[in-house]
file my_file_34.cif (mmCIF, C-alpha atoms)
data_coords
loop_
_atom_site.group_PDB
_atom_site.id
_atom_site.type_symbol
_atom_site.label_atom_id
_atom_site.label_comp_id
_atom_site.auth_asym_id
_atom_site.auth_seq_id
_atom_site.Cartn_x
_atom_site.Cartn_y
_atom_site.Cartn_z
ATOM 1 C CA MET E 1408 114.597 103.215 116.503
ATOM 2 C CA ASN E 1409 117.213 102.914 113.787
ATOM 3 C CA ASN E 1410 115.910 100.349 111.307
ATOM 4 C CA LYS E 1411 118.687 101.157 108.859
ATOM 5 C CA LYS E 1412 121.432 100.095 111.217
ATOM 6 C CA SER E 1413 119.747 96.963 112.572
ATOM 7 C CA ASN E 1414 118.569 95.593 109.219
ATOM 8 C CA LYS E 1415 121.352 96.557 106.826
ATOM 9 C CA ASN E 1416 122.229 93.763 104.397
ATOM 10 C CA LYS E 1417 119.647 91.469 105.971
ATOM 11 C CA GLN E 1418 117.671 89.342 103.559
ATOM 12 C CA VAL E 1419 114.174 88.179 104.321
ATOM 13 C CA THR E 1420 114.340 84.451 105.000
ATOM 14 C CA LYS E 1421 111.320 83.947 107.260
ATOM 15 C CA ALA E 1422 107.604 84.260 106.634
ATOM 16 C CA ILE E 1423 104.419 83.980 108.674
ATOM 17 C CA ILE E 1424 101.153 82.827 107.136
ATOM 18 C CA PRO E 1425 98.189 83.562 109.441
ATOM 19 C CA ALA E 1426 95.514 80.938 108.805
ATOM 20 C CA ALA E 1427 93.617 80.512 112.066
ATOM 21 C CA GLY E 1428 90.448 82.484 111.292
ATOM 22 C CA LEU E 1429 86.982 80.961 111.472
ATOM 23 C CA GLY E 1430 86.098 81.745 107.854
ATOM 24 C CA THR E 1431 82.785 83.352 108.779
ATOM 25 C CA ARG E 1432 82.544 85.307 105.508
ATOM 26 C CA PHE E 1433 82.286 82.078 103.513
ATOM 27 C CA LEU E 1434 79.872 79.955 105.541
ATOM 28 C CA PRO E 1435 78.562 77.291 105.255
ATOM 29 C CA LEU E 1436 81.360 76.250 102.887
ATOM 30 C CA THR E 1437 84.013 76.856 105.551
ATOM 31 C CA LYS E 1438 82.225 75.259 108.514
ATOM 32 C CA ALA E 1439 84.432 72.145 108.333
ATOM 33 C CA GLN E 1440 86.752 73.046 105.452
ATOM 34 C CA PRO E 1441 89.292 75.839 106.160
ATOM 35 C CA LYS E 1442 89.039 78.552 103.529
ATOM 36 C CA GLU E 1443 92.820 78.323 103.142
ATOM 37 C CA MET E 1444 92.265 74.754 101.915
ATOM 38 C CA LEU E 1445 89.654 75.672 99.306
ATOM 39 C CA PRO E 1446 90.986 74.477 95.947
ATOM 40 C CA VAL E 1447 92.019 76.916 93.250
ATOM 41 C CA VAL E 1448 92.729 75.083 89.980
ATOM 42 C CA ASN E 1449 94.584 71.978 91.212
ATOM 43 C CA LYS E 1450 95.876 72.903 94.686
ATOM 44 C CA PRO E 1451 94.616 74.514 97.886
ATOM 45 C CA THR E 1452 94.779 78.275 98.326
ATOM 46 C CA ILE E 1453 97.469 78.145 101.010
ATOM 47 C CA GLN E 1454 99.805 76.195 98.729
ATOM 48 C CA TRP E 1455 99.664 79.088 96.244
ATOM 49 C CA VAL E 1456 100.681 81.379 99.122
ATOM 50 C CA ILE E 1457 103.565 79.173 100.246
ATOM 51 C CA GLU E 1458 104.853 78.888 96.669
ATOM 52 C CA GLU E 1459 104.819 82.689 96.402
ATOM 53 C CA ALA E 1460 107.029 82.927 99.501
ATOM 54 C CA ILE E 1461 109.378 80.273 98.138
ATOM 55 C CA ASP E 1462 109.638 82.094 94.816
ATOM 56 C CA ALA E 1463 110.708 85.161 96.812
ATOM 57 C CA GLY E 1464 113.591 83.171 98.334
ATOM 58 C CA ILE E 1465 111.905 82.360 101.658
ATOM 59 C CA LYS E 1466 112.116 78.784 102.928
ATOM 60 C CA ASP E 1467 111.405 79.067 106.677
ATOM 61 C CA ILE E 1468 107.654 79.496 107.052
ATOM 62 C CA ALA E 1469 105.439 79.464 110.137
ATOM 63 C CA ILE E 1470 101.749 78.793 109.560
ATOM 64 C CA ILE E 1471 99.561 80.172 112.338
ATOM 65 C CA THR E 1472 96.647 77.793 112.516
ATOM 66 C CA GLY E 1473 93.944 76.636 114.920
ATOM 67 C CA ASP E 1474 92.788 73.440 116.573
ATOM 68 C CA HIS E 1475 89.982 73.279 113.997
ATOM 69 C CA LYS E 1476 92.321 73.345 110.988
ATOM 70 C CA GLN E 1477 94.257 70.092 111.184
ATOM 71 C CA SER E 1478 93.688 69.538 107.467
ATOM 72 C CA ILE E 1479 96.185 72.305 106.649
ATOM 73 C CA GLU E 1480 98.961 70.501 108.478
ATOM 74 C CA ASN E 1481 97.875 67.149 107.041
ATOM 75 C CA HIS E 1482 98.210 68.479 103.489
ATOM 76 C CA PHE E 1483 101.897 69.269 103.956
ATOM 77 C CA ARG E 1484 102.840 66.208 106.018
ATOM 78 C CA PRO E 1485 103.922 62.863 104.497
ATOM 79 C CA PHE E 1486 101.070 60.356 104.050
ATOM 80 C CA LYS E 1487 102.945 57.053 104.005
ATOM 81 C CA LYS E 1488 99.910 54.884 103.318
ATOM 82 C CA LEU E 1489 99.030 56.912 100.222
ATOM 83 C CA GLU E 1490 102.645 56.988 99.047
ATOM 84 C CA LYS E 1491 102.931 53.225 99.387
ATOM 85 C CA ALA E 1492 99.680 52.677 97.473
ATOM 86 C CA LEU E 1493 100.808 54.956 94.645
ATOM 87 C CA GLU E 1494 104.199 53.271 94.452
ATOM 88 C CA GLU E 1495 102.744 49.763 94.402
ATOM 89 C CA SER E 1496 100.256 50.690 91.665
ATOM 90 C CA GLY E 1497 102.945 52.303 89.530
ATOM 91 C CA LYS E 1498 101.488 55.820 89.773
ATOM 92 C CA LEU E 1499 104.910 57.386 89.983
ATOM 93 C CA GLU E 1500 103.928 60.768 88.557
ATOM 94 C CA GLU E 1501 101.265 61.219 91.256
ATOM 95 C CA LEU E 1502 103.735 59.992 93.887
ATOM 96 C CA ASP E 1503 106.272 62.584 92.786
ATOM 97 C CA LYS E 1504 103.675 65.350 93.018
ATOM 98 C CA ILE E 1505 102.675 64.647 96.612
ATOM 99 C CA ARG E 1506 106.283 64.181 97.728
ATOM 100 C CA LYS E 1507 107.060 67.638 96.325
ATOM 101 C CA VAL E 1508 104.245 69.059 98.450
ATOM 102 C CA ASN E 1509 105.778 67.409 101.520
ATOM 103 C CA SER E 1510 109.118 69.142 100.935
ATOM 104 C CA LEU E 1511 108.077 72.580 99.660
ATOM 105 C CA ALA E 1512 109.641 74.486 102.565
ATOM 106 C CA ASN E 1513 110.715 74.284 106.207
ATOM 107 C CA LEU E 1514 107.233 74.521 107.697
ATOM 108 C CA LYS E 1515 106.413 75.130 111.340
ATOM 109 C CA PHE E 1516 102.836 74.992 112.608
ATOM 110 C CA ILE E 1517 101.883 77.265 115.513
ATOM 111 C CA ILE E 1518 98.462 77.027 117.158
ATOM 112 C CA GLN E 1519 96.576 80.250 117.865
ATOM 113 C CA HIS E 1520 94.210 78.957 120.530
ATOM 114 C CA GLU E 1521 91.990 82.053 120.478
ATOM 115 C CA GLN E 1522 91.192 84.045 117.352
ATOM 116 C CA LYS E 1523 92.049 87.512 118.656
ATOM 117 C CA GLY E 1524 92.983 89.106 115.358
ATOM 118 C CA LEU E 1525 95.837 89.357 112.888
ATOM 119 C CA GLY E 1526 98.091 91.240 115.301
ATOM 120 C CA HIS E 1527 97.729 88.504 117.893
ATOM 121 C CA ALA E 1528 98.442 85.828 115.260
ATOM 122 C CA ILE E 1529 101.779 87.497 114.505
ATOM 123 C CA LEU E 1530 102.666 87.617 118.199
ATOM 124 C CA CYS E 1531 102.140 83.845 118.343
ATOM 125 C CA ALA E 1532 105.233 83.586 116.100
ATOM 126 C CA LYS E 1533 107.454 85.841 118.221
ATOM 127 C CA GLU E 1534 109.903 83.052 119.073
ATOM 128 C CA PHE E 1535 110.018 81.916 115.442
ATOM 129 C CA ILE E 1536 110.780 85.478 114.259
ATOM 130 C CA GLY E 1537 113.543 86.201 116.755
ATOM 131 C CA ASP E 1538 115.622 89.199 115.703
ATOM 132 C CA ASN E 1539 114.975 88.763 111.989
ATOM 133 C CA PRO E 1540 113.023 90.687 109.369
ATOM 134 C CA PHE E 1541 109.993 88.674 108.308
ATOM 135 C CA ALA E 1542 107.276 88.553 105.698
ATOM 136 C CA VAL E 1543 103.578 88.145 106.417
ATOM 137 C CA LEU E 1544 101.333 86.606 103.751
ATOM 138 C CA LEU E 1545 97.636 86.153 104.462
ATOM 139 C CA GLY E 1546 96.727 82.512 103.938
ATOM 140 C CA ASP E 1547 93.448 83.210 102.153
ATOM 141 C CA THR E 1548 94.807 85.658 99.572
ATOM 142 C CA ILE E 1549 96.432 84.719 96.256
ATOM 143 C CA CYS E 1550 98.574 87.323 94.492
ATOM 144 C CA THR E 1551 99.944 86.833 90.998
ATOM 145 C CA GLY E 1552 102.211 89.062 88.950
ATOM 146 C CA SER E 1553 105.775 89.580 87.836
ATOM 147 C CA PRO E 1554 107.596 89.996 90.124
ATOM 148 C CA ASN E 1555 105.346 88.194 92.563
ATOM 149 C CA CYS E 1556 104.085 90.437 95.350
ATOM 150 C CA THR E 1557 106.387 89.167 98.112
ATOM 151 C CA LYS E 1558 109.435 89.271 95.848
ATOM 152 C CA GLY E 1559 108.627 92.883 94.941
ATOM 153 C CA LEU E 1560 108.283 93.797 98.610
ATOM 154 C CA ALA E 1561 111.600 92.102 99.423
ATOM 155 C CA ARG E 1562 113.306 94.240 96.796
ATOM 156 C CA VAL E 1563 111.853 97.441 98.287
ATOM 157 C CA PHE E 1564 112.800 96.276 101.800
ATOM 158 C CA GLU E 1565 116.410 95.714 100.774
ATOM 159 C CA GLU E 1566 116.561 99.099 99.027
ATOM 160 C CA ARG E 1567 114.847 101.122 101.759
ATOM 161 C CA GLU E 1568 115.985 99.064 104.761
ATOM 162 C CA ALA E 1569 112.617 99.598 106.423
ATOM 163 C CA SER E 1570 109.256 97.885 106.815
ATOM 164 C CA VAL E 1571 107.056 97.849 103.727
ATOM 165 C CA PHE E 1572 103.678 96.441 102.740
ATOM 166 C CA ALA E 1573 101.598 96.082 99.589
ATOM 167 C CA VAL E 1574 98.551 98.193 98.757
ATOM 168 C CA GLU E 1575 96.110 98.365 95.875
ATOM 169 C CA LYS E 1576 93.698 100.952 94.563
ATOM 170 C CA ILE E 1577 90.189 100.297 95.864
ATOM 171 C CA LYS E 1578 86.690 101.634 95.302
ATOM 172 C CA LEU E 1579 85.196 104.091 97.790
ATOM 173 C CA GLU E 1580 82.409 101.681 98.717
ATOM 174 C CA ASP E 1581 84.988 98.986 99.607
ATOM 175 C CA THR E 1582 86.861 100.883 102.337
ATOM 176 C CA ARG E 1583 85.003 98.929 105.053
ATOM 177 C CA ARG E 1584 86.844 95.782 103.904
ATOM 178 C CA TYR E 1585 90.392 97.148 104.093
ATOM 179 C CA GLY E 1586 92.988 98.862 106.162
ATOM 180 C CA VAL E 1587 93.339 102.192 104.342
ATOM 181 C CA ILE E 1588 96.445 104.380 104.290
ATOM 182 C CA SER E 1589 97.812 107.790 103.403
ATOM 183 C CA GLY E 1590 101.278 109.366 103.244
ATOM 184 C CA ASN E 1591 103.797 111.082 100.991
ATOM 185 C CA GLN E 1592 104.775 109.733 97.577
ATOM 186 C CA VAL E 1593 108.561 109.252 97.462
ATOM 187 C CA GLU E 1594 108.867 107.250 94.243
ATOM 188 C CA ASP E 1595 106.629 105.688 91.623
ATOM 189 C CA GLN E 1596 104.477 103.101 93.482
ATOM 190 C CA ILE E 1597 106.210 103.833 96.824
ATOM 191 C CA MET E 1598 104.764 105.963 99.636
ATOM 192 C CA LEU E 1599 106.142 106.926 103.048
ATOM 193 C CA VAL E 1600 103.138 106.107 105.213
ATOM 194 C CA ASP E 1601 101.892 108.343 108.013
ATOM 195 C CA LYS E 1602 98.322 107.137 108.610
ATOM 196 C CA LEU E 1603 96.575 103.757 108.699
ATOM 197 C CA VAL E 1604 92.898 103.209 109.510
ATOM 198 C CA GLU E 1605 91.327 99.760 109.854
ATOM 199 C CA LYS E 1606 88.102 99.323 107.842
ATOM 200 C CA PRO E 1607 86.956 102.950 107.854
ATOM 201 C CA GLU E 1608 83.605 104.204 106.650
ATOM 202 C CA PRO E 1609 83.935 105.720 103.155
ATOM 203 C CA GLU E 1610 83.667 109.264 104.530
ATOM 204 C CA ASP E 1611 86.490 108.569 107.009
ATOM 205 C CA ALA E 1612 88.925 106.877 104.610
ATOM 206 C CA PRO E 1613 92.236 108.774 104.314
ATOM 207 C CA SER E 1614 92.706 107.593 100.698
ATOM 208 C CA LEU E 1615 91.669 104.872 98.266
ATOM 209 C CA LEU E 1616 94.741 102.717 98.847
ATOM 210 C CA GLY E 1617 93.870 99.492 100.655
ATOM 211 C CA ILE E 1618 96.267 97.087 102.360
ATOM 212 C CA GLN E 1619 96.565 93.872 100.340
ATOM 213 C CA GLY E 1620 97.684 91.225 102.793
ATOM 214 C CA ARG E 1621 101.418 91.131 102.019
ATOM 215 C CA TYR E 1622 103.966 92.712 104.361
ATOM 216 C CA ILE E 1623 107.660 92.689 105.270
ATOM 217 C CA PHE E 1624 108.570 93.976 108.713
ATOM 218 C CA THR E 1625 111.646 94.634 110.760
ATOM 219 C CA PRO E 1626 111.468 92.838 114.138
ATOM 220 C CA ASP E 1627 110.719 96.250 115.693
ATOM 221 C CA LEU E 1628 107.108 95.668 114.693
ATOM 222 C CA LEU E 1629 106.751 93.145 117.537
ATOM 223 C CA VAL E 1630 107.540 95.805 120.157
ATOM 224 C CA HIS E 1631 104.644 97.898 118.903
ATOM 225 C CA GLN E 1632 102.340 94.908 118.472
ATOM 226 C CA GLU E 1633 102.826 93.863 122.089
ATOM 227 C CA LYS E 1634 101.649 97.302 123.239
ATOM 228 C CA THR E 1635 98.553 97.243 121.025
ATOM 229 C CA ASN E 1636 95.143 96.915 122.685
ATOM 230 C CA LYS E 1637 91.978 95.624 121.078
ATOM 231 C CA GLY E 1638 90.860 97.815 118.194
ATOM 232 C CA ALA E 1639 88.329 97.564 115.373
ATOM 233 C CA GLY E 1640 86.014 94.575 115.736
ATOM 234 C CA GLY E 1641 87.305 93.919 119.252
ATOM 235 C CA GLU E 1642 90.459 92.326 117.817
ATOM 236 C CA ILE E 1643 94.170 93.064 118.211
ATOM 237 C CA GLN E 1644 94.778 94.787 114.898
ATOM 238 C CA LEU E 1645 98.025 94.716 112.955
ATOM 239 C CA THR E 1646 97.236 98.134 111.475
ATOM 240 C CA ASP E 1647 97.277 99.712 114.957
ATOM 241 C CA ALA E 1648 100.803 98.380 115.547
ATOM 242 C CA MET E 1649 101.831 99.588 112.096
ATOM 243 C CA GLN E 1650 100.507 103.074 112.925
ATOM 244 C CA SER E 1651 102.601 103.064 116.085
ATOM 245 C CA LEU E 1652 105.642 101.868 114.119
ATOM 246 C CA ALA E 1653 105.149 104.653 111.562
ATOM 247 C CA ARG E 1654 105.422 107.269 114.309
ATOM 248 C CA GLU E 1655 108.927 106.103 115.266
ATOM 249 C CA SER E 1656 110.354 104.553 112.105
ATOM 250 C CA LYS E 1657 109.984 104.732 108.365
ATOM 251 C CA LEU E 1658 107.155 102.604 107.044
ATOM 252 C CA TYR E 1659 106.565 102.320 103.304
ATOM 253 C CA SER E 1660 103.770 101.094 101.081
ATOM 254 C CA TRP E 1661 104.278 99.648 97.613
ATOM 255 C CA THR E 1662 101.428 99.669 95.119
ATOM 256 C CA PHE E 1663 101.155 96.192 93.634
ATOM 257 C CA THR E 1664 99.805 96.151 90.088
ATOM 258 C CA GLY E 1665 99.368 92.409 89.665
ATOM 259 C CA ASN E 1666 96.227 90.402 90.436
ATOM 260 C CA ARG E 1667 94.891 89.723 93.915
ATOM 261 C CA TYR E 1668 92.206 87.185 94.780
ATOM 262 C CA ASP E 1669 90.498 87.226 98.176
ATOM 263 C CA ILE E 1670 89.509 83.585 98.680
ATOM 264 C CA GLY E 1671 86.872 84.556 101.178
ATOM 265 C CA THR E 1672 84.464 86.006 98.660
ATOM 266 C CA MET E 1673 82.572 83.938 96.128
ATOM 267 C CA LYS E 1674 83.390 86.395 93.327
ATOM 268 C CA ASP E 1675 87.169 86.181 93.793
ATOM 269 C CA TRP E 1676 87.085 82.416 94.321
ATOM 270 C CA PHE E 1677 85.275 81.878 91.021
ATOM 271 C CA GLN E 1678 87.457 84.449 89.272
ATOM 272 C CA SER E 1679 90.661 82.836 90.533
ATOM 273 C CA HIS E 1680 89.549 79.456 89.172
ATOM 274 C CA LEU E 1681 88.822 80.876 85.747
ATOM 275 C CA GLU E 1682 91.815 83.166 85.310
ATOM 276 C CA LEU E 1683 94.436 80.897 86.864
ATOM 277 C CA SER E 1684 93.104 77.851 85.002
ATOM 278 C CA ILE E 1685 93.360 79.701 81.692
ATOM 279 C CA ALA E 1686 96.978 80.543 82.528
ATOM 280 C CA SER E 1687 97.804 76.914 83.406
ATOM 281 C CA GLU E 1688 98.176 73.543 81.736
ATOM 282 C CA PHE E 1689 94.408 73.144 82.173
ATOM 283 C CA SER E 1690 93.664 75.978 79.754
ATOM 284 C CA PRO E 1691 92.157 73.674 77.059
ATOM 285 C CA ILE E 1692 89.779 72.138 79.606
ATOM 286 C CA ILE E 1693 88.473 75.436 80.991
ATOM 287 C CA LYS E 1694 88.079 76.898 77.499
ATOM 288 C CA GLU E 1695 86.081 73.864 76.446
ATOM 289 C CA VAL E 1696 83.824 74.255 79.499
ATOM 290 C CA LEU E 1697 83.313 77.968 78.854
ATOM 291 C CA LYS E 1698 82.273 77.320 75.252
ATOM 292 C CA LYS E 1699 79.341 75.255 76.512
ATOM 293 C CA LEU E 1700 77.945 78.059 78.678
#
call {"tool": "encode", "arguments": {"input": "my_file_34.cif", "output": "structure tokens"}}
result
Amino acid sequence: MNNKKSNKNKQVTKAIIPAAGLGTRFLPLTKAQPKEMLPVVNKPTIQWVIEEAIDAGIKDIAIITGDHKQSIENHFRPFKKLEKALEESGKLEELDKIRKVNSLANLKFIIQHEQKGLGHAILCAKEFIGDNPFAVLLGDTICTGSPNCTKGLARVFEEREASVFAVEKIKLEDTRRYGVISGNQVEDQIMLVDKLVEKPEPEDAPSLLGIQGRYIFTPDLLVHQEKTNKGAGGEIQLTDAMQSLARESKLYSWTFTGNRYDIGTMKDWFQSHLELSIASEFSPIIKEVLKKL
């Protein structure tokens, strides 16, 4: 396949945010509350993700959700009763804030009726993607940095005219939590990828570079994803489709050096609250709290 020809001068204007998982790593907290809706500072995790996509110039966003996650859609839909109450009570600043949430982006909600894995979630958005390059941002992962992770990937995509995804350096004992890659270094922070393994044992890991949860793909990825059978964990894995893509086309990784928070682990959830609060308008409050510890 000739990615260079089919994607030349194409900007990334569409994004998919998979958010249909059952949140089993964070039970019982996520039994009724989607982990993507867990608050970090003053907004839910998934809003941080959407704002990252918007900052990268992406306005058309499909959220892959489930029947059990109506609260995600509710958060981004107008709530006329609340708006009326705020307006009548003169709380115009609060009214402005929730109206901004309602109009953040062009959001489309797609139901994944069965949780068959990340690869299957992406296939649910096939019609939405069409013949366009697209970003994928995991809905339970916050990335911060300058440039933001998706914006950095978009720059590499435009330069290389090929699919690219973000990786980070990981510890050997953490390989079971990541898709792990190897390849040939072509530039500082950029690797031409030849091997991807989903959640390998430490002794089987091809490197210590783990996939972060941010990707930009050419639409060719869908062809490979449709041919992918169940893999690790009995799920349809995105990494298997990426491995197939890498055999026929150029596939790059970009090492992101900013901060990544996996809002599916207690450690990262607490850490995100602390670090992002200190960097926000709420810095005086969090510092005052910390002094009392």
call {"tool": "resolve_selection", "arguments": {"input": "my_file_34.cif", "expression": "the PyMOL selection byres ((chain E and resi 1475) around 10)", "output": "list in words"}}
result
Ala1427, Gly1428, Leu1429, Lys1438, Ala1439, Gln1440, Pro1441, Thr1472, Gly1473, Asp1474, Lys1476, Gln1477, Ser1478, Ile1479, Ile1518 and His1520 of chain E
call {"tool": "resolve_selection", "arguments": {"input": "my_file_34.cif", "expression": "the PyMOL selection byres ((chain E and resi 1471) around 7)", "output": "list in words"}}
result
Ile1424, Pro1425, Ala1426, Ala1427, Ala1469, Ile1470, Thr1472, Phe1516, Ile1517, Ile1518, Gln1519 and Ala1528 of chain E
call {"tool": "atom_distance", "arguments": {"input": "my_file_34.cif", "atom1": "CA of Leu1652 in chain E", "atom2": "CA of Val1574 in chain E"}}
result
17.3 Å
call {"tool": "closest_residue", "arguments": {"input": "my_file_34.cif", "among": "E:Arg1484, E:Lys1466, E:Lys1602, E:Arg1562", "to": "Asn1509 in chain E", "atoms": "only C-alpha atoms"}}
result
E:Arg1484
call {"tool": "resolve_selection", "arguments": {"input": "my_file_34.cif", "expression": "the PyMOL selection byres ((chain E and resi 1549) around 9)", "output": "PyMOL selection string"}}
result
chain E and resi 1452-1453+1455-1456+1459+1545-1548+1550-1551+1666-1670+1679
call {"tool": "closest_residue", "arguments": {"input": "my_file_34.cif", "among": "E:Phe1572, E:Val1448, E:Glu1443, E:Leu1645", "to": "Ile1692 in chain E", "atoms": "all atoms listed in the file"}}
result
E:Val1448
call {"tool": "atom_distance", "arguments": {"input": "my_file_34.cif", "atom1": "CA of Cys1556 in chain E", "atom2": "CA of Arg1621 in chain E"}}
result
7.2 Å
call {"tool": "closest_atom_pairs", "arguments": {"input": "my_file_34.cif", "of": "range 1522-1551 of chain E", "to": "range 1625-1629 of chain E", "cutoff": "8 Å", "atoms": "all atoms listed in the file", "output": "CSV"}}
result
residue,atom,partner,partner_atom,distance
E:Leu1530,CA,E:Leu1629,CA,6.9
E:Lys1533,CA,E:Leu1629,CA,7.4
E:Ile1536,CA,E:Pro1626,CA,7.4
E:Gly1537,CA,E:Pro1626,CA,7.4
E:Asp1538,CA,E:Pro1626,CA,5.7
E:Asn1539,CA,E:Pro1626,CA,5.8
E:Pro1540,CA,E:Thr1625,CA,4.4
E:Phe1541,CA,E:Thr1625,CA,6.7
call {"tool": "atom_distance", "arguments": {"input": "my_file_34.cif", "atom1": "CA of Ala1561 in chain E", "atom2": "CA of Thr1420 in chain E"}}
result
9.9 Å
call {"tool": "closest_residue", "arguments": {"input": "my_file_34.cif", "among": "E:Lys1694, E:Lys1606, E:His1482, E:Lys1507", "to": "Arg1583 in chain E", "atoms": "only C-alpha atoms"}}
result
E:Lys1606
call {"tool": "residues_around", "arguments": {"input": "my_file_34.cif", "residues": "Leu1658 in chain E", "least_positions_apart": "3", "cutoff": "9 Å", "atoms": "only C-alpha atoms", "output": "VMD selection string"}}
result
chain E and resid 1569 to 1572 1598 to 1601 1624 1649 to 1650 1652 to 1654
call {"tool": "write_last_selection", "arguments": {"input": "my_file_34.cif", "atoms": "C-alpha atoms", "output": "PDB file, keeping the file's coordinate frame"}}
result
ATOM      1  CA  ALA E1569     112.617  99.598 106.423  1.00  0.00           C
ATOM      2  CA  SER E1570     109.256  97.885 106.815  1.00  0.00           C
ATOM      3  CA  VAL E1571     107.056  97.849 103.727  1.00  0.00           C
ATOM      4  CA  PHE E1572     103.678  96.441 102.740  1.00  0.00           C
ATOM      5  CA  MET E1598     104.764 105.963  99.636  1.00  0.00           C
ATOM      6  CA  LEU E1599     106.142 106.926 103.048  1.00  0.00           C
ATOM      7  CA  VAL E1600     103.138 106.107 105.213  1.00  0.00           C
ATOM      8  CA  ASP E1601     101.892 108.343 108.013  1.00  0.00           C
ATOM      9  CA  PHE E1624     108.570  93.976 108.713  1.00  0.00           C
ATOM     10  CA  MET E1649     101.831  99.588 112.096  1.00  0.00           C
ATOM     11  CA  GLN E1650     100.507 103.074 112.925  1.00  0.00           C
ATOM     12  CA  LEU E1652     105.642 101.868 114.119  1.00  0.00           C
ATOM     13  CA  ALA E1653     105.149 104.653 111.562  1.00  0.00           C
ATOM     14  CA  ARG E1654     105.422 107.269 114.309  1.00  0.00           C
TER      15      ARG E1654
END
call {"tool": "residues_around", "arguments": {"input": "my_file_34.cif", "residues": "Ser1651 in chain E", "least_positions_apart": "3", "cutoff": "10 Å", "atoms": "only C-alpha atoms", "output": "list in words"}}
result
Asp1601, Lys1602, Leu1603, Leu1628, Val1630, His1631, Gln1632, Lys1634, Thr1635, Thr1646, Asp1647, Ala1648, Arg1654, Glu1655 and Ser1656 of chain E
call {"tool": "closest_residue", "arguments": {"input": "my_file_34.cif", "among": "E:Lys1558, E:His1680, E:Lys1488, E:Lys1578", "to": "Asp1462 in chain E", "atoms": "only C-alpha atoms"}}
result
E:Lys1558
call {"tool": "closest_residue", "arguments": {"input": "my_file_34.cif", "among": "E:Glu1575, E:Glu1580, E:Glu1688, E:Glu1608", "to": "Gly1620 in chain E", "atoms": "all atoms listed in the file"}}
result
E:Glu1575
call {"tool": "decode", "arguments": {"input": "my_file_34.cif", "residues": "range 1436-1447 of chain E", "atoms": "N, CA, C and O atoms", "output": "short mmCIF file (atom, residue, chain, number, x, y, z; two decimals), in the first residue's frame"}}
result
data_model
loop_
_atom_site.label_atom_id
_atom_site.label_comp_id
_atom_site.auth_asym_id
_atom_site.auth_seq_id
_atom_site.Cartn_x
_atom_site.Cartn_y
_atom_site.Cartn_z
N LEU E 1436 -14.87 1.26 42.53
CA LEU E 1436 -15.13 2.66 42.21
C LEU E 1436 -15.84 2.81 40.87
O LEU E 1436 -16.67 3.70 40.69
N THR E 1437 -15.54 1.92 39.92
CA THR E 1437 -16.08 2.06 38.57
C THR E 1437 -17.27 1.13 38.29
O THR E 1437 -17.63 0.92 37.14
N LYS E 1438 -17.88 0.60 39.33
CA LYS E 1438 -19.04 -0.27 39.13
C LYS E 1438 -20.19 0.49 38.46
O LYS E 1438 -20.84 -0.01 37.54
N ALA E 1439 -20.47 1.69 38.94
CA ALA E 1439 -21.54 2.51 38.36
C ALA E 1439 -21.02 3.77 37.70
O ALA E 1439 -21.70 4.37 36.87
N GLN E 1440 -19.80 4.18 38.07
CA GLN E 1440 -19.21 5.41 37.54
C GLN E 1440 -18.13 5.05 36.52
O GLN E 1440 -17.14 4.42 36.87
N PRO E 1441 -18.29 5.40 35.24
CA PRO E 1441 -17.25 5.10 34.25
C PRO E 1441 -15.92 5.72 34.65
O PRO E 1441 -15.88 6.85 35.14
N LYS E 1442 -14.84 4.99 34.47
CA LYS E 1442 -13.54 5.54 34.87
C LYS E 1442 -13.20 6.78 34.05
O LYS E 1442 -12.49 7.66 34.52
N GLU E 1443 -13.75 6.87 32.83
CA GLU E 1443 -13.52 8.06 32.01
C GLU E 1443 -14.18 9.29 32.60
O GLU E 1443 -13.85 10.42 32.23
N MET E 1444 -15.14 9.08 33.52
CA MET E 1444 -15.83 10.20 34.16
C MET E 1444 -15.28 10.50 35.55
O MET E 1444 -15.78 11.40 36.23
N LEU E 1445 -14.25 9.78 35.97
CA LEU E 1445 -13.64 10.10 37.26
C LEU E 1445 -13.03 11.49 37.19
O LEU E 1445 -12.34 11.83 36.23
N PRO E 1446 -13.28 12.33 38.20
CA PRO E 1446 -12.79 13.71 38.14
C PRO E 1446 -11.29 13.80 38.35
O PRO E 1446 -10.72 13.09 39.18
N VAL E 1447 -10.66 14.67 37.60
CA VAL E 1447 -9.28 15.05 37.81
C VAL E 1447 -9.26 16.56 37.89
O VAL E 1447 -9.60 17.25 36.92
#
